[in-house]
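*Asks:* Take a look at the following structure, please.
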Amino acid sequence: MASDYLLRGVSFSGNDPALSSEVHVQFSGNFFASAGVITSRPQPAADMTPELNATLGFAAPLNEDWIGRVSVAHYEAPWSAYPDFYRYDELTADLTWRDRWHLLVSYSPNTSRYAPGYGPVWHGNALGFETSYQQPLRHGLQAFAGIGYYDLSDLFGDGYWYGSFGVTLSRQQWEFDLSWVMPEATAQRLSYPGTAQQRLLATLTWNF
């Protein structure tokens with residue numbers, strides 16, 4: 001359960017709370033897969049609809065400190081008013097240092113987005129760059145901070161920065177995250193009106 005469905009600092013649930021569920025599978029040979037569903041509102045004035053996702057990837061330790069991963073994911077909202085517009089794929093490569101420092105690069109060849117002044121732009125290239133760090137504070141409590149850049153120059157000739165910081169509290173199978181999310185002003189120009197504001201994000205997760 002989350003107070004919003006945020007993706008790269010922008011709300012995809014019309015600034016409303018969202019529910020999500022994911023199942024992860026680890027195969028032999030370092031392969032992994034996942035499938036999930038989340039409630040989304042692709043357009044702020046539209047009805048809430050499920051967004052589906054599926055991921056297949058490979059992870060391997062590079063040495064005792066670093067782990068590398070490569071994955072490909074597919075996303076779509078088949079019951080939305082314009083399902084083709086919200087259907088896209090993404091290739092991601094990331095490095096993790098001691099499960100604390102994360103570096104991530106993603107590429108999508110078929111991302112579609114709407115922005116005021118541009119209207120809907122279909123099936124362009126999109127690049128994402130992120131880095132984040134999490135620091136244990138005490139048993140079950142850790143702080144985190146991250147920053148990223150979403151390059152939408154193929155669609156709109158521009159991109160935007162976003163960042164966040166907060167804390168995570170873990171107790172047995174439960175995890176509670178509280179963070180402050182900060183997209184820069186350019187994100188408002190490249191997104192639906194009112195969906196790219198700074199905000200507090202709260203998420204409660206049950207792991208089974």
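So you can find residues: chains in the structure tokens are A, B, ... in the order shown, residues in each start at 1, and ligands are numbered from 1 in order.
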Excluding Leu178 (chain A) and residues on its chain fewer than 2 positions from it, collect all residues at most 7 Å away from it, counting only C-alpha atoms, and give them as a PyMOL selection string.
*Replies:* chain A and resi 166-168+176+201-203
*Asks:* Find the residues around Gly117 (chain A) up to 12 Å (only C-alpha atoms counted), leave out those fewer than 5 positions away in its own chain, and share them as a PyMOL selection string.
*Replies:* chain A and resi 156+188-193
*Asks:* With all heavy atoms retained, write the just-selected residues as an mmCIF file, in the first residue's frame.
*Replies:*
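result_32.cif, freshly written:
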data_model
loop_
_atom_site.group_PDB
_atom_site.id
_atom_site.type_symbol
_atom_site.label_atom_id
_atom_site.label_comp_id
_atom_site.auth_asym_id
_atom_site.auth_seq_id
_atom_site.Cartn_x
_atom_site.Cartn_y
_atom_site.Cartn_z
ATOM 1 N N PHE A 156 10.617 14.819 -26.253
ATOM 2 C CA PHE A 156 10.306 16.229 -26.024
ATOM 3 C C PHE A 156 11.509 17.150 -26.179
ATOM 4 O O PHE A 156 11.382 18.353 -25.958
ATOM 5 C CB PHE A 156 9.738 16.410 -24.609
ATOM 6 C CG PHE A 156 8.542 15.555 -24.308
ATOM 7 C CD1 PHE A 156 8.507 14.750 -23.179
ATOM 8 C CD2 PHE A 156 7.451 15.546 -25.156
ATOM 9 C CE1 PHE A 156 7.404 13.959 -22.895
ATOM 10 C CE2 PHE A 156 6.341 14.770 -24.888
ATOM 11 C CZ PHE A 156 6.314 13.970 -23.753
ATOM 12 N N GLN A 188 7.297 18.942 -14.400
ATOM 13 C CA GLN A 188 5.915 19.397 -14.526
ATOM 14 C C GLN A 188 5.574 19.732 -15.973
ATOM 15 O O GLN A 188 4.445 19.528 -16.427
ATOM 16 C CB GLN A 188 5.698 20.611 -13.629
ATOM 17 C CG GLN A 188 5.970 20.352 -12.160
ATOM 18 C CD GLN A 188 5.749 21.589 -11.305
ATOM 19 O OE1 GLN A 188 4.886 22.415 -11.605
ATOM 20 N NE2 GLN A 188 6.520 21.725 -10.245
ATOM 21 N N ARG A 189 6.564 20.240 -16.695
ATOM 22 C CA ARG A 189 6.343 20.591 -18.099
ATOM 23 C C ARG A 189 6.277 19.365 -18.996
ATOM 24 O O ARG A 189 5.703 19.418 -20.090
ATOM 25 C CB ARG A 189 7.475 21.522 -18.561
ATOM 26 C CG ARG A 189 7.317 22.077 -19.952
ATOM 27 C CD ARG A 189 8.272 23.234 -20.197
ATOM 28 N NE ARG A 189 9.660 22.894 -19.922
ATOM 29 C CZ ARG A 189 10.457 22.259 -20.775
ATOM 30 N NH1 ARG A 189 9.990 21.886 -21.963
ATOM 31 N NH2 ARG A 189 11.705 22.005 -20.463
ATOM 32 N N LEU A 190 6.840 18.221 -18.527
ATOM 33 C CA LEU A 190 6.900 17.009 -19.338
ATOM 34 C C LEU A 190 5.957 15.923 -18.843
ATOM 35 O O LEU A 190 6.122 14.749 -19.179
ATOM 36 C CB LEU A 190 8.341 16.468 -19.355
ATOM 37 C CG LEU A 190 9.426 17.429 -19.847
ATOM 38 C CD1 LEU A 190 10.777 16.761 -19.834
ATOM 39 C CD2 LEU A 190 9.092 17.958 -21.241
ATOM 40 N N SER A 191 4.955 16.298 -18.042
ATOM 41 C CA SER A 191 4.023 15.335 -17.474
ATOM 42 C C SER A 191 2.618 15.933 -17.449
ATOM 43 O O SER A 191 2.434 17.126 -17.701
ATOM 44 C CB SER A 191 4.437 14.958 -16.042
ATOM 45 O OG SER A 191 5.791 14.554 -15.980
ATOM 46 N N TYR A 192 1.627 15.085 -17.140
ATOM 47 C CA TYR A 192 0.277 15.601 -16.974
ATOM 48 C C TYR A 192 0.270 16.672 -15.883
ATOM 49 O O TYR A 192 0.975 16.547 -14.871
ATOM 50 C CB TYR A 192 -0.683 14.479 -16.587
ATOM 51 C CG TYR A 192 -1.118 13.610 -17.742
ATOM 52 C CD1 TYR A 192 -0.570 12.334 -17.913
ATOM 53 C CD2 TYR A 192 -2.081 14.038 -18.650
ATOM 54 C CE1 TYR A 192 -0.972 11.523 -18.969
ATOM 55 C CE2 TYR A 192 -2.481 13.238 -19.704
ATOM 56 C CZ TYR A 192 -1.929 11.982 -19.858
ATOM 57 O OH TYR A 192 -2.319 11.178 -20.905
ATOM 58 N N PRO A 193 -0.514 17.734 -16.028
ATOM 59 C CA PRO A 193 -0.547 18.811 -15.028
ATOM 60 C C PRO A 193 -0.873 18.273 -13.632
ATOM 61 O O PRO A 193 -1.767 17.454 -13.452
ATOM 62 C CB PRO A 193 -1.664 19.728 -15.542
ATOM 63 C CG PRO A 193 -1.708 19.482 -17.023
ATOM 64 C CD PRO A 193 -1.378 18.031 -17.194
#
*Asks:* Just the residues within 6 Å of Tyr75 (chain A), please, counting only C-alpha atoms, with nothing from its chain fewer than 4 positions along; format it as a PyMOL selection string.
*Replies:* chain A and resi 52-53+87-88
*Asks:* Which residues are close to region 134-143 of chain A, i.e. within 12 Å by only C-alpha atoms, leaving aside same-chain residues fewer than 4 positions away? Reply as a list of chain:residue names.
*Replies:*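 Once the adjacent positions are removed, what remains is A:Thr96, A:Trp97, A:Arg98, A:Asp99, A:Arg100, A:Trp101, A:His102, A:Ser164, A:Phe165, A:Gly166, A:Val167, A:Thr168, A:Leu169, A:Ser170, A:Arg171, A:Gln172, A:Gln173, A:Trp174, A:Glu175, A:Phe176, A:Asp177, A:Leu178, A:Ser179, A:Trp180.
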*Asks:* Save the residues we just selected, C-alpha atoms, as a compact mmCIF listing (two decimals), in the first residue's frame?
*Replies:*
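Listing of out-v2.txt after writing:
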# COMPACT_ATOMS: atom_id res chain seq x y z
CA THR A 96 25.08 -2.95 -6.25
CA TRP A 97 27.87 -2.46 -3.71
CA ARG A 98 27.37 -4.38 -0.43
CA ASP A 99 23.59 -3.95 -0.79
CA ARG A 100 24.04 -0.25 0.03
CA TRP A 101 25.08 1.69 -3.04
CA HIS A 102 23.11 1.19 -6.26
CA SER A 164 14.37 11.50 -2.77
CA PHE A 165 15.47 10.81 0.78
CA GLY A 166 13.87 9.07 3.72
CA VAL A 167 13.91 6.19 6.19
CA THR A 168 12.86 2.52 6.17
CA LEU A 169 11.67 0.63 9.23
CA SER A 170 11.57 -3.20 9.03
CA ARG A 171 9.88 -5.51 11.52
CA GLN A 172 9.68 -9.22 10.66
CA GLN A 173 7.65 -9.44 7.43
CA TRP A 174 6.60 -5.77 7.46
CA GLU A 175 8.42 -2.78 6.01
CA PHE A 176 7.45 0.89 6.26
CA ASP A 177 9.06 3.55 4.05
CA LEU A 178 8.69 7.29 4.47
CA SER A 179 10.37 9.57 1.94
CA TRP A 180 10.32 13.06 0.48
*Asks:* From a DSSP pass on the backbone, collect the residues of chain A flagged as helix (DSSP H, G or I) and hand them back as a VMD selection string.
*Replies:* chain A and resid 28 to 30 153 to 156 185 to 189
*Asks:* Restrict the selected residues to all heavy atoms and save them as a compact mmCIF listing (two decimals), in the first residue's frame.
*Replies:*
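In the end it all went to out-v1.txt:
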# COMPACT_ATOMS: atom_id res chain seq x y z
N SER A 28 17.76 -21.49 -10.93
CA SER A 28 19.16 -21.89 -10.88
C SER A 28 19.92 -21.17 -12.00
O SER A 28 19.34 -20.76 -13.00
CB SER A 28 19.28 -23.40 -11.05
OG SER A 28 18.74 -23.81 -12.29
N GLY A 29 21.22 -21.00 -11.81
CA GLY A 29 22.01 -20.30 -12.82
C GLY A 29 21.88 -18.80 -12.75
O GLY A 29 22.16 -18.11 -13.73
N ASN A 30 21.44 -18.26 -11.60
CA ASN A 30 21.38 -16.81 -11.36
C ASN A 30 20.31 -16.08 -12.16
O ASN A 30 20.32 -14.85 -12.24
CB ASN A 30 22.73 -16.15 -11.62
CG ASN A 30 23.81 -16.62 -10.67
OD1 ASN A 30 23.53 -16.96 -9.52
ND2 ASN A 30 25.04 -16.68 -11.16
N SER A 153 14.67 13.29 -24.29
CA SER A 153 15.00 14.20 -25.39
C SER A 153 14.50 13.68 -26.73
O SER A 153 14.21 14.48 -27.63
CB SER A 153 16.51 14.42 -25.45
OG SER A 153 17.21 13.21 -25.55
N ASP A 154 14.35 12.37 -26.90
CA ASP A 154 13.83 11.84 -28.16
C ASP A 154 12.35 12.14 -28.32
O ASP A 154 11.85 12.23 -29.45
CB ASP A 154 14.08 10.33 -28.23
CG ASP A 154 13.77 9.75 -29.60
OD1 ASP A 154 14.21 10.35 -30.61
OD2 ASP A 154 13.06 8.72 -29.68
N LEU A 155 11.64 12.31 -27.19
CA LEU A 155 10.21 12.61 -27.25
C LEU A 155 9.94 14.11 -27.20
O LEU A 155 9.13 14.63 -27.98
CB LEU A 155 9.47 11.93 -26.09
CG LEU A 155 9.31 10.41 -26.18
CD1 LEU A 155 10.52 9.70 -25.58
CD2 LEU A 155 8.05 9.96 -25.44
N PHE A 156 10.62 14.82 -26.25
CA PHE A 156 10.31 16.23 -26.02
C PHE A 156 11.51 17.15 -26.18
O PHE A 156 11.38 18.35 -25.96
CB PHE A 156 9.74 16.41 -24.61
CG PHE A 156 8.54 15.55 -24.31
CD1 PHE A 156 8.51 14.75 -23.18
CD2 PHE A 156 7.45 15.55 -25.16
CE1 PHE A 156 7.40 13.96 -22.89
CE2 PHE A 156 6.34 14.77 -24.89
CZ PHE A 156 6.31 13.97 -23.75
N ALA A 185 11.43 21.24 -11.60
CA ALA A 185 10.31 21.92 -12.24
C ALA A 185 10.08 21.45 -13.66
O ALA A 185 8.94 21.44 -14.14
CB ALA A 185 10.54 23.44 -12.21
N THR A 186 11.15 21.05 -14.36
CA THR A 186 10.99 20.59 -15.75
C THR A 186 10.06 19.39 -15.83
O THR A 186 9.38 19.20 -16.84
CB THR A 186 12.36 20.24 -16.35
OG1 THR A 186 13.24 21.34 -16.20
CG2 THR A 186 12.25 19.90 -17.82
N ALA A 187 10.02 18.58 -14.78
CA ALA A 187 9.15 17.40 -14.79
C ALA A 187 7.68 17.80 -14.94
O ALA A 187 6.88 17.07 -15.54
CB ALA A 187 9.35 16.58 -13.52
N GLN A 188 7.30 18.94 -14.40
CA GLN A 188 5.92 19.40 -14.53
C GLN A 188 5.57 19.73 -15.97
O GLN A 188 4.45 19.53 -16.43
CB GLN A 188 5.70 20.61 -13.63
CG GLN A 188 5.97 20.35 -12.16
CD GLN A 188 5.75 21.59 -11.30
OE1 GLN A 188 4.89 22.41 -11.60
NE2 GLN A 188 6.52 21.73 -10.25
N ARG A 189 6.56 20.24 -16.70
CA ARG A 189 6.34 20.59 -18.10
C ARG A 189 6.28 19.36 -19.00
O ARG A 189 5.70 19.42 -20.09
CB ARG A 189 7.48 21.52 -18.56
CG ARG A 189 7.32 22.08 -19.95
CD ARG A 189 8.27 23.23 -20.20
NE ARG A 189 9.66 22.89 -19.92
CZ ARG A 189 10.46 22.26 -20.78
NH1 ARG A 189 9.99 21.89 -21.96
NH2 ARG A 189 11.70 22.00 -20.46
*Asks:* So that I can check the surroundings of Met1 (chain A), please list as a ChimeraX atom specification every protein, DNA and RNA residue that reaches within 7 Å of it, counting only C-alpha atoms and ignoring chain neighbours fewer than 3 positions away.
*Replies:* /A:18-20,203-205
*Asks:* Please write the residues from the selection above to a file, keeping N, CA, C and O atoms, as a PDB file, in the first residue's frame.
*Replies:*
ATOM      1  N   ALA A  18      -2.247   3.906  -3.945  1.00  0.00           N
ATOM      2  CA  ALA A  18      -2.158   2.779  -4.873  1.00  0.00           C
ATOM      3  C   ALA A  18      -1.896   1.491  -4.115  1.00  0.00           C
ATOM      4  O   ALA A  18      -1.245   1.483  -3.065  1.00  0.00           O
ATOM      5  N   LEU A  19      -2.423   0.400  -4.663  1.00  0.00           N
ATOM      6  CA  LEU A  19      -2.170  -0.940  -4.142  1.00  0.00           C
ATOM      7  C   LEU A  19      -1.371  -1.723  -5.169  1.00  0.00           C
ATOM      8  O   LEU A  19      -1.604  -1.598  -6.374  1.00  0.00           O
ATOM      9  N   SER A  20      -0.437  -2.534  -4.711  1.00  0.00           N
ATOM     10  CA  SER A  20       0.365  -3.332  -5.639  1.00  0.00           C
ATOM     11  C   SER A  20       0.710  -4.672  -5.027  1.00  0.00           C
ATOM     12  O   SER A  20       0.682  -4.849  -3.797  1.00  0.00           O
ATOM     13  N   THR A 203       4.872   4.196   2.224  1.00  0.00           N
ATOM     14  CA  THR A 203       4.618   2.878   1.663  1.00  0.00           C
ATOM     15  C   THR A 203       4.704   1.830   2.756  1.00  0.00           C
ATOM     16  O   THR A 203       5.656   1.808   3.540  1.00  0.00           O
ATOM     17  N   LEU A 204       3.711   0.937   2.792  1.00  0.00           N
ATOM     18  CA  LEU A 204       3.696  -0.185   3.732  1.00  0.00           C
ATOM     19  C   LEU A 204       3.713  -1.471   2.935  1.00  0.00           C
ATOM     20  O   LEU A 204       2.858  -1.689   2.070  1.00  0.00           O
ATOM     21  N   THR A 205       4.710  -2.339   3.192  1.00  0.00           N
ATOM     22  CA  THR A 205       4.906  -3.571   2.419  1.00  0.00           C
ATOM     23  C   THR A 205       4.883  -4.773   3.345  1.00  0.00           C
ATOM     24  O   THR A 205       5.488  -4.755   4.428  1.00  0.00           O
TER      25      THR A 205
END
*Asks:* From the list A:Ser40, A:Thr55, A:Ala145, A:Leu200, which residue is nearest Tyr5 (chain A) when using only C-alpha atoms?
*Replies:* A:Ser40
*Asks:* Excluding Pro109 (chain A) and its own-chain neighbours fewer than 2 positions away, which residues fall within 10 Å of it when counting only C-alpha atoms? Please give them as JSON, numbers by chain.
*Replies:* {"A": [88, 89, 90, 91, 107, 111, 112, 123, 124, 125, 126, 127]}
*Asks:* Give me, please, the distance in Å between CA of Gln26 (chain A) and CA of Val70 (chain A), quoted to one decimal.
*Replies:* 14.1 Å
*Asks:* Just list the residues in region 12-200 of chain A DSSP gives strand (DSSP E or B) on the backbone, as a ChimeraX atom specification.
*Replies:* /A:18,20-26,31-40,49-61,66-76,88-97,101-115,119-138,141-152,158-171,174-183,199-200
*Asks:* I'd like the neighbourhood of Glu184 (chain A) as a ChimeraX atom specification, where a residue qualifies if any of its atoms comes within 7 Å (using only C-alpha atoms), though same-chain residues fewer than 4 positions away should be ignored.
*Replies:* /A:160-162
*Asks:* Which one of A:Asp94, A:Asp158, A:Asp16, A:Asp4 sits closest to Leu62 (chain A) if you count only C-alpha atoms?
*Replies:*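 Smallest separation from Leu62 (chain A) among the options: A:Asp94.
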